[in-house]
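Engineer: Just one file: model.pdb, with PDB, C-alpha atoms and all ligand atoms.
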```
ATOM      1  CA  MET G   1       0.000   0.000   0.000
ATOM      2  CA  LYS G   2       1.239   3.489  -0.842
ATOM      3  CA  ARG G   3       1.190   5.655   2.251
ATOM      4  CA  GLY G   4       2.117   9.247   3.014
ATOM      5  CA  LEU G   5       1.901  11.449   6.057
ATOM      6  CA  ILE G   6       1.102  15.135   6.345
ATOM      7  CA  LEU G   7       2.535  16.697   9.478
ATOM      8  CA  VAL G   8       1.121  19.983  10.712
ATOM      9  CA  ASN G   9       2.162  22.225  13.577
ATOM     10  CA  ALA G  10       1.598  20.904  17.091
ATOM     11  CA  TYR G  11      -0.264  23.998  18.203
ATOM     12  CA  SER G  12      -2.393  24.565  15.120
ATOM     13  CA  ARG G  13      -6.105  24.443  15.808
ATOM     14  CA  LEU G  14      -8.782  22.848  13.655
ATOM     15  CA  ILE G  15      -6.562  20.497  11.660
ATOM     16  CA  SER G  16      -9.618  18.901  10.127
ATOM     17  CA  ALA G  17     -10.938  22.261   8.956
ATOM     18  CA  SER G  18      -7.666  23.603   7.637
ATOM     19  CA  ASN G  19      -7.665  23.686   3.877
ATOM     20  CA  GLN G  20      -4.066  22.837   3.033
ATOM     21  CA  PRO G  21      -3.737  19.248   4.336
ATOM     22  CA  LYS G  22      -7.306  18.375   3.386
ATOM     23  CA  ARG G  23      -6.847  19.421  -0.222
ATOM     24  CA  LEU G  24      -3.581  17.493  -0.495
ATOM     25  CA  LYS G  25      -5.109  14.349   1.015
ATOM     26  CA  GLU G  26      -8.014  14.577  -1.434
ATOM     27  CA  GLU G  27      -5.646  14.782  -4.412
ATOM     28  CA  PHE G  28      -3.508  11.870  -3.166
ATOM     29  CA  GLU G  29      -6.624   9.729  -2.852
ATOM     30  CA  LYS G  30      -7.197  10.191  -6.599
ATOM     31  CA  LEU G  31      -3.685   8.800  -7.143
ATOM     32  CA  GLY G  32      -4.310   5.794  -4.896
ATOM     33  CA  VAL G  33      -2.122   6.988  -2.035
ATOM     34  CA  VAL G  34      -3.476   6.819   1.507
ATOM     35  CA  VAL G  35      -2.497   9.921   3.425
ATOM     36  CA  ASP G  36      -2.802  10.493   7.158
ATOM     37  CA  ILE G  37      -2.876  13.977   8.660
ATOM     38  CA  LYS G  38      -1.215  14.283  12.049
ATOM     39  CA  LYS G  39       0.022  16.971  14.334
ATOM     40  CA  ASN G  40       3.678  17.093  15.136
ATOM     41  CA  SER G  41       3.708  15.694  18.623
ATOM     42  CA  ILE G  42       5.971  14.718  21.406
ATOM     43  CA  ASP G  43       6.614  11.250  19.926
ATOM     44  CA  THR G  44       7.108  12.243  16.259
ATOM     45  CA  ALA G  45      10.875  12.026  16.646
ATOM     46  CA  MET G  46      13.342  12.214  19.506
ATOM     47  CA  ILE G  47      16.782  11.111  20.612
ATOM     48  CA  ILE G  48      16.838   8.151  22.983
ATOM     49  CA  GLU G  49      20.042   6.495  24.156
ATOM     50  CA  GLY G  50      22.015   8.346  21.528
ATOM     51  CA  ASN G  51      19.792   7.382  18.571
ATOM     52  CA  VAL G  52      16.887   8.934  16.691
ATOM     53  CA  GLN G  53      13.538   7.302  17.306
ATOM     54  CA  SER G  54      10.376   8.078  15.379
ATOM     55  CA  PHE G  55       6.985   6.560  14.558
ATOM     56  CA  ILE G  56       7.292   7.451  10.880
ATOM     57  CA  GLU G  57       8.718   4.262   9.389
ATOM     58  CA  ASP G  58       5.456   3.033   7.818
ATOM     59  CA  TYR G  59       5.225   6.046   5.546
ATOM     60  CA  ASP G  60       6.826   6.463   2.106
ATOM     61  CA  PHE G  61       7.105  10.238   2.499
ATOM     62  CA  VAL G  62       6.146  13.134   4.735
ATOM     63  CA  ILE G  63       4.666  16.439   3.591
ATOM     64  CA  TYR G  64       5.981  18.749   6.222
ATOM     65  CA  LEU G  65       3.529  21.633   6.648
ATOM     66  CA  ASP G  66       5.238  22.654   9.882
ATOM     67  CA  LYS G  67       8.431  24.681  10.250
ATOM     68  CA  ASP G  68       9.640  22.999  13.434
ATOM     69  CA  LYS G  69      13.278  22.462  12.503
ATOM     70  CA  TYR G  70      14.161  19.938  15.198
ATOM     71  CA  THR G  71      11.571  17.407  14.090
ATOM     72  CA  SER G  72      12.316  17.866  10.380
ATOM     73  CA  SER G  73      16.015  17.383  10.985
ATOM     74  CA  LEU G  74      15.441  14.256  13.088
ATOM     75  CA  LEU G  75      13.098  12.750  10.495
ATOM     76  CA  GLU G  76      15.608  13.272   7.701
ATOM     77  CA  LYS G  77      18.258  11.672   9.835
ATOM     78  CA  GLU G  78      15.954   8.659   9.929
ATOM     79  CA  GLY G  79      16.014   8.598   6.128
ATOM     80  CA  ILE G  80      12.484   9.915   5.560
ATOM     81  CA  ARG G  81      11.930  12.001   2.402
ATOM     82  CA  LEU G  82      10.391  15.281   3.469
ATOM     83  CA  PHE G  83       8.527  17.687   1.161
ATOM     84  CA  ASN G  84      10.011  20.282   1.505
ATOM     85  CA  ARG G  85      13.345  19.175   2.829
ATOM     86  CA  HIS G  86      14.532  20.344   6.237
ATOM     87  CA  GLU G  87      17.259  22.686   4.977
ATOM     88  CA  ALA G  88      14.973  24.340   2.422
ATOM     89  CA  ILE G  89      12.330  25.036   5.074
ATOM     90  CA  ARG G  90      14.938  26.336   7.510
ATOM     91  CA  LEU G  91      16.405  28.745   4.959
ATOM     92  CA  CYS G  92      12.986  30.117   4.032
ATOM     93  CA  ASP G  93      11.775  30.415   7.603
ATOM     94  CA  ASP G  94      14.423  33.058   8.344
ATOM     95  CA  LYS G  95      14.118  35.904   5.822
ATOM     96  CA  MET G  96      17.743  36.998   6.301
ATOM     97  CA  ASP G  97      19.028  33.449   5.758
ATOM     98  CA  THR G  98      17.015  33.307   2.536
ATOM     99  CA  HIS G  99      18.629  36.498   1.214
ATOM    100  CA  ILE G 100      22.099  35.338   2.271
ATOM    101  CA  ARG G 101      21.618  32.016   0.450
ATOM    102  CA  LEU G 102      20.390  33.764  -2.702
ATOM    103  CA  ALA G 103      23.161  36.383  -2.722
ATOM    104  CA  GLY G 104      25.839  35.916  -5.358
ATOM    105  CA  HIS G 105      23.580  33.964  -7.731
ATOM    106  CA  GLY G 106      22.520  36.907  -9.893
ATOM    107  CA  ILE G 107      19.119  37.132  -8.192
ATOM    108  CA  SER G 108      17.823  40.693  -7.951
ATOM    109  CA  MET G 109      16.600  41.526  -4.422
ATOM    110  CA  PRO G 110      16.257  44.692  -2.316
ATOM    111  CA  ASP G 111      19.476  45.909  -0.655
ATOM    112  CA  THR G 112      19.339  44.269   2.778
ATOM    113  CA  ILE G 113      21.230  44.821   6.042
ATOM    114  CA  GLY G 114      20.969  42.307   8.887
ATOM    115  CA  GLY G 115      19.943  43.488  12.351
ATOM    116  CA  LEU G 116      22.713  43.054  14.900
ATOM    117  CA  LEU G 117      22.180  40.460  17.606
ATOM    118  CA  CYS G 118      21.157  41.943  20.937
ATOM    119  CA  TYR G 119      20.558  39.840  24.030
ATOM    120  CA  ASN G 120      20.455  42.542  26.605
ATOM    121  CA  GLU G 121      17.089  44.174  27.190
ATOM    122  CA  GLU G 122      18.816  47.132  28.877
ATOM    123  CA  ALA G 123      20.930  47.949  25.810
ATOM    124  CA  THR G 124      20.047  51.176  24.029
ATOM    125  CA  ILE G 125      19.769  51.646  20.310
ATOM    126  CA  ASP G 126      22.348  54.494  20.213
ATOM    127  CA  GLU G 127      25.018  51.905  21.032
ATOM    128  CA  VAL G 128      24.749  50.835  17.393
ATOM    129  CA  MET G 129      24.750  54.367  15.940
ATOM    130  CA  PRO G 130      27.260  53.463  13.184
ATOM    131  CA  ARG G 131      24.759  50.841  11.977
ATOM    132  CA  ILE G 132      21.985  53.437  11.924
ATOM    133  CA  ASN G 133      24.152  55.754   9.837
ATOM    134  CA  LEU G 134      24.859  52.867   7.475
ATOM    135  CA  ILE G 135      21.141  52.063   7.126
ATOM    136  CA  GLU G 136      20.382  55.701   6.320
ATOM    137  CA  GLU G 137      23.230  55.951   3.839
ATOM    138  CA  LYS G 138      22.583  52.652   2.011
ATOM    139  CA  LEU G 139      18.798  52.349   2.230
ATOM    140  CA  GLY G 140      17.428  55.872   2.831
ATOM    141  CA  TYR G 141      13.851  56.617   3.863
ATOM    142  CA  PRO G 142      11.331  55.201   3.794
ATOM    143  CA  CYS G 143      12.981  51.878   4.563
ATOM    144  CA  VAL G 144      11.516  48.498   5.458
ATOM    145  CA  ILE G 145      12.178  46.633   8.703
ATOM    146  CA  LYS G 146      11.233  42.976   9.017
ATOM    147  CA  GLU G 147      11.416  40.484  11.784
ATOM    148  CA  CYS G 148      13.110  37.481  10.213
ATOM    149  CA  TYR G 149      10.424  35.064  11.392
ATOM    150  CA  GLY G 150       6.985  36.253  10.351
ATOM    151  CA  SER G 151       4.285  35.831   7.781
ATOM    152  CA  LEU G 152       1.065  37.377   6.476
ATOM    153  CA  GLY G 153       2.737  40.805   6.578
ATOM    154  CA  ALA G 154       2.360  41.014  10.361
ATOM    155  CA  LYS G 155       6.056  41.550  11.184
ATOM    156  CA  VAL G 156       6.932  43.890   8.319
ATOM    157  CA  TYR G 157       7.233  47.611   9.128
ATOM    158  CA  CYS G 158       8.083  50.865   7.405
ATOM    159  CA  ALA G 159      10.210  53.708   8.830
ATOM    160  CA  ASN G 160       9.777  57.135   7.245
ATOM    161  CA  ASN G 161      12.437  58.924   9.300
ATOM    162  CA  ARG G 162      15.096  58.398  11.975
ATOM    163  CA  ASN G 163      12.630  58.705  14.812
ATOM    164  CA  GLU G 164      10.427  55.911  13.433
ATOM    165  CA  LEU G 165      13.506  53.823  12.681
ATOM    166  CA  LEU G 166      14.723  54.137  16.293
ATOM    167  CA  GLN G 167      11.302  53.197  17.668
ATOM    168  CA  LEU G 168      11.105  50.136  15.427
ATOM    169  CA  MET G 169      14.667  49.114  16.262
ATOM    170  CA  GLU G 170      13.769  49.261  19.945
ATOM    171  CA  LYS G 171      10.660  47.148  19.275
ATOM    172  CA  VAL G 172      12.541  44.382  17.442
ATOM    173  CA  LYS G 173      15.957  44.554  19.067
ATOM    174  CA  LEU G 174      15.704  41.213  20.903
ATOM    175  CA  LYS G 175      14.465  39.365  17.809
ATOM    176  CA  SER G 176      16.164  38.432  14.536
ATOM    177  CA  HIS G 177      15.446  41.246  12.068
ATOM    178  CA  LEU G 178      16.634  42.969   8.918
ATOM    179  CA  PHE G 179      16.527  46.368   7.215
ATOM    180  CA  GLN G 180      15.685  46.696   3.561
ATOM    181  CA  LYS G 181      15.458  49.250   0.801
ATOM    182  CA  MET G 182      11.832  50.131   0.087
ATOM    183  CA  ILE G 183      11.117  49.263  -3.549
ATOM    184  CA  ALA G 184       8.925  52.314  -4.111
ATOM    185  CA  SER G 185       7.872  51.246  -7.618
ATOM    186  CA  SER G 186       6.146  48.239  -6.038
ATOM    187  CA  ARG G 187       4.443  49.924  -3.072
ATOM    188  CA  GLY G 188       1.308  47.962  -2.220
ATOM    189  CA  ARG G 189       1.773  45.623  -5.175
ATOM    190  CA  ASP G 190       3.606  42.366  -5.816
ATOM    191  CA  VAL G 191       3.346  39.027  -7.583
ATOM    192  CA  ARG G 192       3.029  35.669  -5.821
ATOM    193  CA  VAL G 193       4.324  32.767  -7.885
ATOM    194  CA  ILE G 194       3.914  29.086  -6.991
ATOM    195  CA  VAL G 195       6.770  26.829  -8.077
ATOM    196  CA  ILE G 196       6.405  23.046  -7.930
ATOM    197  CA  GLY G 197       9.205  20.650  -8.861
ATOM    198  CA  GLY G 198      11.200  23.471 -10.441
ATOM    199  CA  LYS G 199       8.347  24.797 -12.614
ATOM    200  CA  ALA G 200       6.380  27.991 -12.048
ATOM    201  CA  VAL G 201       2.792  26.706 -12.241
ATOM    202  CA  CYS G 202       0.660  29.769 -11.497
ATOM    203  CA  ALA G 203       0.760  33.349 -10.306
ATOM    204  CA  MET G 204      -1.386  36.134  -8.987
ATOM    205  CA  GLN G 205      -0.865  39.845  -8.549
ATOM    206  CA  ARG G 206      -1.751  41.313  -5.160
ATOM    207  CA  THR G 207      -2.596  44.980  -4.771
ATOM    208  CA  SER G 208      -3.402  47.009  -1.684
ATOM    209  CA  LYS G 209      -4.861  50.489  -1.836
ATOM    210  CA  THR G 210      -4.235  51.164   1.846
ATOM    211  CA  ASP G 211      -0.892  49.604   2.803
ATOM    212  CA  PHE G 212       2.615  49.197   1.344
ATOM    213  CA  ARG G 213       2.218  45.493   2.143
ATOM    214  CA  SER G 214       0.116  43.657  -0.403
ATOM    215  CA  ASN G 215      -0.709  40.593   1.749
ATOM    216  CA  ILE G 216      -4.299  39.450   1.260
ATOM    217  CA  GLU G 217      -4.641  39.089   5.049
ATOM    218  CA  LEU G 218      -4.049  42.873   5.308
ATOM    219  CA  GLY G 219      -6.564  43.829   2.654
ATOM    220  CA  GLY G 220      -4.625  43.130  -0.559
ATOM    221  CA  VAL G 221      -6.758  42.082  -3.508
ATOM    222  CA  ALA G 222      -5.577  39.244  -5.722
ATOM    223  CA  GLU G 223      -6.080  38.849  -9.451
ATOM    224  CA  PRO G 224      -4.744  36.305 -11.933
ATOM    225  CA  ILE G 225      -1.715  37.332 -13.939
ATOM    226  CA  GLU G 226       0.122  35.870 -16.917
ATOM    227  CA  LEU G 227       3.757  35.334 -15.907
ATOM    228  CA  SER G 228       6.295  37.164 -18.027
ATOM    229  CA  GLU G 229       9.452  35.284 -18.977
ATOM    230  CA  SER G 230      11.651  37.255 -16.542
ATOM    231  CA  PHE G 231       9.312  36.562 -13.582
ATOM    232  CA  ARG G 232       9.092  32.887 -14.518
ATOM    233  CA  GLU G 233      12.817  32.545 -14.875
ATOM    234  CA  ILE G 234      13.725  34.208 -11.566
ATOM    235  CA  SER G 235      11.079  32.156  -9.690
ATOM    236  CA  GLU G 236      12.394  28.884 -11.024
ATOM    237  CA  ARG G 237      16.013  29.863 -10.312
ATOM    238  CA  VAL G 238      15.176  30.815  -6.715
ATOM    239  CA  ALA G 239      13.392  27.497  -6.107
ATOM    240  CA  ASP G 240      16.360  25.684  -7.615
ATOM    241  CA  ILE G 241      18.986  27.502  -5.507
ATOM    242  CA  LEU G 242      17.008  26.874  -2.302
ATOM    243  CA  GLU G 243      16.270  23.260  -3.358
ATOM    244  CA  LEU G 244      12.553  23.640  -2.786
ATOM    245  CA  ASP G 245      10.045  21.063  -3.998
ATOM    246  CA  TYR G 246       7.224  23.537  -3.479
ATOM    247  CA  CYS G 247       7.135  27.249  -2.674
ATOM    248  CA  GLY G 248       5.382  30.569  -3.057
ATOM    249  CA  ILE G 249       7.707  33.414  -3.999
ATOM    250  CA  ASP G 250       6.804  37.084  -3.502
ATOM    251  CA  ILE G 251       8.249  39.258  -6.246
ATOM    252  CA  LEU G 252       8.327  43.061  -6.327
ATOM    253  CA  TYR G 253       8.258  45.267  -9.425
ATOM    254  CA  GLY G 254      11.418  47.297 -10.059
ATOM    255  CA  GLN G 255      11.364  50.709 -11.730
ATOM    256  CA  GLU G 256      11.208  49.193 -15.200
ATOM    257  CA  GLY G 257       8.799  46.475 -14.079
ATOM    258  CA  GLU G 258      11.667  43.989 -13.658
ATOM    259  CA  PRO G 259      11.369  41.283 -10.958
ATOM    260  CA  ILE G 260      12.962  41.800  -7.528
ATOM    261  CA  VAL G 261      12.678  38.886  -5.087
ATOM    262  CA  CYS G 262      10.994  39.902  -1.814
ATOM    263  CA  GLU G 263      10.671  36.626   0.084
ATOM    264  CA  VAL G 264      10.223  32.887  -0.308
ATOM    265  CA  ASN G 265       7.536  30.886   1.502
ATOM    266  CA  SER G 266       8.309  27.189   1.770
ATOM    267  CA  ASN G 267       4.867  26.495   3.232
ATOM    268  CA  ALA G 268       2.823  28.934   1.151
ATOM    269  CA  PHE G 269      -0.938  28.580   1.499
ATOM    270  CA  PHE G 270      -2.536  27.791  -1.834
ATOM    271  CA  GLY G 271      -6.252  28.296  -1.110
ATOM    272  CA  ALA G 272      -6.475  31.837  -2.508
ATOM    273  CA  MET G 273      -4.185  30.915  -5.390
ATOM    274  CA  GLU G 274      -6.395  27.994  -6.426
ATOM    275  CA  SER G 275      -9.496  30.155  -6.518
ATOM    276  CA  VAL G 276      -7.834  33.152  -8.194
ATOM    277  CA  SER G 277      -5.794  31.280 -10.818
ATOM    278  CA  GLY G 278      -8.114  28.303 -11.341
ATOM    279  CA  VAL G 279      -5.050  26.043 -11.166
ATOM    280  CA  ASN G 280      -5.265  22.850  -9.105
ATOM    281  CA  VAL G 281      -2.149  23.519  -7.005
ATOM    282  CA  ALA G 282      -2.740  20.621  -4.595
ATOM    283  CA  GLY G 283      -3.175  18.250  -7.539
ATOM    284  CA  LYS G 284       0.049  19.386  -9.180
ATOM    285  CA  TYR G 285       1.985  19.065  -5.921
ATOM    286  CA  ALA G 286       0.542  15.596  -5.256
ATOM    287  CA  GLU G 287       1.477  14.473  -8.781
ATOM    288  CA  TYR G 288       5.007  15.808  -8.371
ATOM    289  CA  ILE G 289       5.457  13.981  -5.053
ATOM    290  CA  TYR G 290       3.980  10.785  -6.557
ATOM    291  CA  GLU G 291       6.435  10.920  -9.470
ATOM    292  CA  THR G 292       9.377  11.614  -7.148
ATOM    293  CA  ILE G 293       8.596   8.725  -4.796
ATOM    294  CA  TYR G 294       6.992   6.079  -7.024
ATOM    295  CA  GLY G 295       7.832   7.218 -10.578
TER
HETATM  296  N1  LIG S 301      11.570  45.910   0.378
HETATM  297  C1  LIG S 301      10.275  46.072   0.114
HETATM  298  N2  LIG S 301       9.849  47.098  -0.691
HETATM  299  C2  LIG S 301       8.522  47.249  -0.957
HETATM  300  N3  LIG S 301       7.553  46.465  -0.438
HETATM  301  C3  LIG S 301       7.919  45.451   0.359
HETATM  302  C4  LIG S 301       9.289  45.195   0.682
HETATM  303  N4  LIG S 301       9.346  44.130   1.499
HETATM  304  C5  LIG S 301       8.076  43.728   1.695
HETATM  305  N5  LIG S 301       7.210  44.511   1.003
HETATM  306  C6  LIG S 301       5.748  44.366   1.001
HETATM  307  O1  LIG S 301       5.359  43.793   2.234
HETATM  308  C7  LIG S 301       4.731  42.519   2.014
HETATM  309  C8  LIG S 301       5.115  41.571   3.129
HETATM  310  O2  LIG S 301       6.513  41.339   3.143
HETATM  311  P1  LIG S 301       7.117  39.871   3.108
HETATM  312  O3  LIG S 301       8.600  40.001   3.126
HETATM  313  O4  LIG S 301       6.516  39.117   1.991
HETATM  314  O5  LIG S 301       6.673  39.300   4.525
HETATM  315  P2  LIG S 301       5.531  38.245   4.963
HETATM  316  O6  LIG S 301       6.272  36.979   5.192
HETATM  317  O7  LIG S 301       4.959  38.772   6.214
HETATM  318  O8  LIG S 301       4.544  38.138   3.833
HETATM  319  C9  LIG S 301       5.197  42.080   0.625
HETATM  320  O9  LIG S 301       4.270  41.202   0.022
HETATM  321  C10 LIG S 301       5.295  43.409  -0.104
HETATM  322  O10 LIG S 301       4.010  43.841  -0.564
HETATM  323 MG    MG S 302       5.075  37.532   1.885
END
```
Written as structure tokens, that's how I'd like the structure from this file.
Ligand SMILES: Nc1ncnc2c1ncn2[C@@H]1O[C@H](COP(=O)(O)OP(=O)(O)O)[C@@H](O)[C@H]1O
Ligand SMILES: [Mg+2]
Structural biologist:
Amino acid sequence: MKRGLILVNAYSRLISASNQPKRLKEEFEKLGVVVDIKKNSIDTAMIIEGNVQSFIEDYDFVIYLDKDKYTSSLLEKEGIRLFNRHEAIRLCDDKMDTHIRLAGHGISMPDTIGGLLCYNEEATIDEVMPRINLIEEKLGYPCVIKECYGSLGAKVYCANNRNELLQLMEKVKLKSHLFQKMIASSRGRDVRVIVIGGKAVCAMQRTSKTDFRSNIELGGVAEPIELSESFREISERVADILELDYCGIDILYGQEGEPIVCEVNSNAFFGAMESVSGVNVAGKYAEYIYETIYG
């Protein structure tokens, strides 16, 4: 019997109601693969007496819809094929790590400066004044500040002047963060591209009238868009460099409309994409996994 497992986050509520695993399971059923949906739990994988132990051995593959890096690493150590792989998920989970990995490969992205590590709550921002001067000189205002772990636009901020920058730096100083040039030509507008097995399969444009962030969760409106060659090419290259089986890439418009990579989501939701583009994303992902494992 062909069997797969979908693992979701331990703390996520309403597994049964959540669209992502349900849609995937449905598509695998059409291919004759039985798929279980489980939460990552205390006994998924652990180290006992110096060895990895897990309950996964009956499954041919795992679709890892979580980002918990300890479990994904342990499962791979057990020889389980994860979709996406541990390292790909880890690199995408941290926005700065994603940019660092992509740097030097000819991928256009906004100029980006990493936030300096701070582990002292008492520390004051003026202790890193040279960094502030550098941010102003290289990025200018308005600039973008992002916490490295975040999604749905919730941890992405804009500073219009030094005062706002200082306040935001204080707010994020104990968390991983980065500073980025604001791509003004793309304010409130970007393109989300889904790449599966190295091929860009669909895209939508997201536009917000009220916010520089185009996330649908913040009021952005999505519409289908035909991918131009340059957007297709950069999406597929990014997925290839990060060794992603599946991803959703956010791409900004440069001054001439050229693509600039904003961020890469290893666990991109595909519900809105399926309804906007009319493409069966879950079906395409299931087919790709089937081919990879049984083909
Ligand atoms: N450097 C930037 N210049 C212009 N807009 C940006 C920039 N970075 C992010 N944005 C906008 O903010 C949105 C959210 O940022 P993103 O990095 O995708 O974080 P999240 O993971 O929260 O979606 C993007 O979709 C885009 O509309
Ligand atoms: Mg995004």
Engineer: Each residue of chain G with at least one atom at most 8 Å from ligand MG 302 (chain S) should appear once, together with its nearest atom pair and the corresponding distance in Å (one decimal); atoms considered: all atoms listed in the file; ordering: chain, then increasing residue number; output as a Markdown table.
Structural biologist:
```
| residue | atom | partner | partner_atom | distance |
| --- | --- | --- | --- | --- |
| G:Ser151 | CA | S:MG302 | MG | 6.2 |
| G:Leu152 | CA | S:MG302 | MG | 6.1 |
| G:Gly153 | CA | S:MG302 | MG | 6.2 |
| G:Asn215 | CA | S:MG302 | MG | 6.5 |
| G:Ile249 | CA | S:MG302 | MG | 7.6 |
| G:Asp250 | CA | S:MG302 | MG | 5.7 |
| G:Cys262 | CA | S:MG302 | MG | 7.4 |
| G:Glu263 | CA | S:MG302 | MG | 5.9 |
| G:Val264 | CA | S:MG302 | MG | 7.3 |
| G:Asn265 | CA | S:MG302 | MG | 7.1 |
```
Engineer: Restricting the output to C-alpha atoms, write the selected residues as a tab-separated table (two decimals), keeping the file's coordinate frame.
Structural biologist:
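File produced: selection-v8.tsv:
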```
chain	number	residue	atom	x	y	z
G	151	SER	CA	4.28	35.83	7.78
G	152	LEU	CA	1.06	37.38	6.48
G	153	GLY	CA	2.74	40.80	6.58
G	215	ASN	CA	-0.71	40.59	1.75
G	249	ILE	CA	7.71	33.41	-4.00
G	250	ASP	CA	6.80	37.08	-3.50
G	262	CYS	CA	10.99	39.90	-1.81
G	263	GLU	CA	10.67	36.63	0.08
G	264	VAL	CA	10.22	32.89	-0.31
G	265	ASN	CA	7.54	30.89	1.50
```
Engineer: Draw an axis-aligned box over all listed atoms of ligand LIG 301 (chain S), pad each side with 8 Å, and write its centre and edge lengths in Å, one decimal, as AutoDock Vina command-line options.
Structural biologist:
```
--center_x 7.8 --center_y 42.1 --center_z 2.6 --size_x 23.6 --size_y 26.3 --size_z 23.2
```
Engineer: What do you get, as a ChimeraX atom specification, if you spell out every residue that the PyMOL selection byres (((not hetatm)) within 8 of (chain S and resi 301)) selects here?
Structural biologist: /G:95,110-111,143-144,146,149-156,180-191,206-207,212-215,250-252,262-265
Engineer: Which residues are near stretch 39-51 of chain G? Cut-off 7 Å, all atoms listed in the file, ignore same chain within fewer than 2 positions. Put them as a ChimeraX atom specification.
Structural biologist: /G:7-10,53-55,71,74-75
Engineer: Show me, as number ranges by chain, the residues that have an atom within 12 Å of G:Met204 when counting only C-alpha atoms, minus same-chain residues fewer than 3 positions from it.
Structural biologist: G: 189-194, 200-201, 207, 214-216, 220-228, 231, 248-251, 270, 272-279
Engineer: Can you write out the residues you just picked, keeping C-alpha atoms, as an mmCIF file, keeping the file's coordinate frame?
Structural biologist:
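Output file selection_26.cif is given in full below:
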```cif
data_model
loop_
_atom_site.group_PDB
_atom_site.id
_atom_site.type_symbol
_atom_site.label_atom_id
_atom_site.label_comp_id
_atom_site.auth_asym_id
_atom_site.auth_seq_id
_atom_site.Cartn_x
_atom_site.Cartn_y
_atom_site.Cartn_z
ATOM 1 C CA ARG G 189 1.773 45.623 -5.175
ATOM 2 C CA ASP G 190 3.606 42.366 -5.816
ATOM 3 C CA VAL G 191 3.346 39.027 -7.583
ATOM 4 C CA ARG G 192 3.029 35.669 -5.821
ATOM 5 C CA VAL G 193 4.324 32.767 -7.885
ATOM 6 C CA ILE G 194 3.914 29.086 -6.991
ATOM 7 C CA ALA G 200 6.380 27.991 -12.048
ATOM 8 C CA VAL G 201 2.792 26.706 -12.241
ATOM 9 C CA THR G 207 -2.596 44.980 -4.771
ATOM 10 C CA SER G 214 0.116 43.657 -0.403
ATOM 11 C CA ASN G 215 -0.709 40.593 1.749
ATOM 12 C CA ILE G 216 -4.299 39.450 1.260
ATOM 13 C CA GLY G 220 -4.625 43.130 -0.559
ATOM 14 C CA VAL G 221 -6.758 42.082 -3.508
ATOM 15 C CA ALA G 222 -5.577 39.244 -5.722
ATOM 16 C CA GLU G 223 -6.080 38.849 -9.451
ATOM 17 C CA PRO G 224 -4.744 36.305 -11.933
ATOM 18 C CA ILE G 225 -1.715 37.332 -13.939
ATOM 19 C CA GLU G 226 0.122 35.870 -16.917
ATOM 20 C CA LEU G 227 3.757 35.334 -15.907
ATOM 21 C CA SER G 228 6.295 37.164 -18.027
ATOM 22 C CA PHE G 231 9.312 36.562 -13.582
ATOM 23 C CA GLY G 248 5.382 30.569 -3.057
ATOM 24 C CA ILE G 249 7.707 33.414 -3.999
ATOM 25 C CA ASP G 250 6.804 37.084 -3.502
ATOM 26 C CA ILE G 251 8.249 39.258 -6.246
ATOM 27 C CA PHE G 270 -2.536 27.791 -1.834
ATOM 28 C CA ALA G 272 -6.475 31.837 -2.508
ATOM 29 C CA MET G 273 -4.185 30.915 -5.390
ATOM 30 C CA GLU G 274 -6.395 27.994 -6.426
ATOM 31 C CA SER G 275 -9.496 30.155 -6.518
ATOM 32 C CA VAL G 276 -7.834 33.152 -8.194
ATOM 33 C CA SER G 277 -5.794 31.280 -10.818
ATOM 34 C CA GLY G 278 -8.114 28.303 -11.341
ATOM 35 C CA VAL G 279 -5.050 26.043 -11.166
#
```
Engineer: Do a neighbour search on G:Ser230 at 9 Å with only C-alpha atoms, toss out local chain neighbours closer than 5 positions, and write the hits as a list in words.
Structural biologist: Ser235, Glu258 and Pro259 of chain G
Engineer: Convert the current residue selection to file output with C-alpha atoms, as a CSV table (one decimal), in the frame of the given file.
Structural biologist:
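Once written, result-v6.csv looks like this:
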```
chain,number,residue,atom,x,y,z
G,235,SER,CA,11.1,32.2,-9.7
G,258,GLU,CA,11.7,44.0,-13.7
G,259,PRO,CA,11.4,41.3,-11.0
```
Engineer: Suppose you want the space between atom CA of G:Lys25 and atom CA of G:Ala88; what is it in Å?
Structural biologist: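 Atom CA of G:Lys25 sits 22.5 Å away from atom CA of G:Ala88.
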Engineer: Go through the shown structure with the PyMOL selection byres (((chain G and resi 18) around 12) and not hetatm) and write out the matching residues as number ranges by chain.
Structural biologist: G: 8-9, 12-17, 19-25, 37, 65, 269-271
Engineer: In terms of the shortest atom-to-atom distance over all atoms listed in the file, which of G:Glu29, G:Asp68, G:Glu147, G:Glu76 is closest to G:Lys175?
Structural biologist: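 Result for the nearest residue to G:Lys175: G:Glu147.
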Engineer: With only C-alpha atoms as the atoms that count, which of G:Phe83, G:Tyr253, G:Tyr59, G:Tyr141 lies nearest to G:Asn163?
Structural biologist: G:Tyr141
Engineer: In Å, how far is it from atom CA of G:Ala239 to atom CA of G:Lys2?
Structural biologist: 27.4 Å
Engineer: Given the choices G:Phe179, G:Glu229, G:Glu217, G:Val52, which gets closest to G:Glu136 if the distance is worked out from all atoms listed in the file?
Structural biologist: G:Phe179
Engineer: Given all atoms listed in the file as the basis, pick out the residue of G:Ile145, G:Val195, G:Cys202, G:Ile132 nearest to G:Cys247.
Structural biologist: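 Answer, going by the shortest atom-to-atom distance: G:Val195.
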Engineer: So what do you get for atom CA of G:Leu244 versus atom CA of G:Val35, distance-wise?
Structural biologist: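 Straight-line distance from atom CA of G:Leu244 to atom CA of G:Val35 works out to 21.3 Å.
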Engineer: Using all atoms listed in the file, find the one residue out of G:Leu102, G:Thr112, G:Ile196, G:Gln255 that sits nearest to G:Asn267.
Structural biologist: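 So, comparing all the options, the nearest one is G:Ile196.
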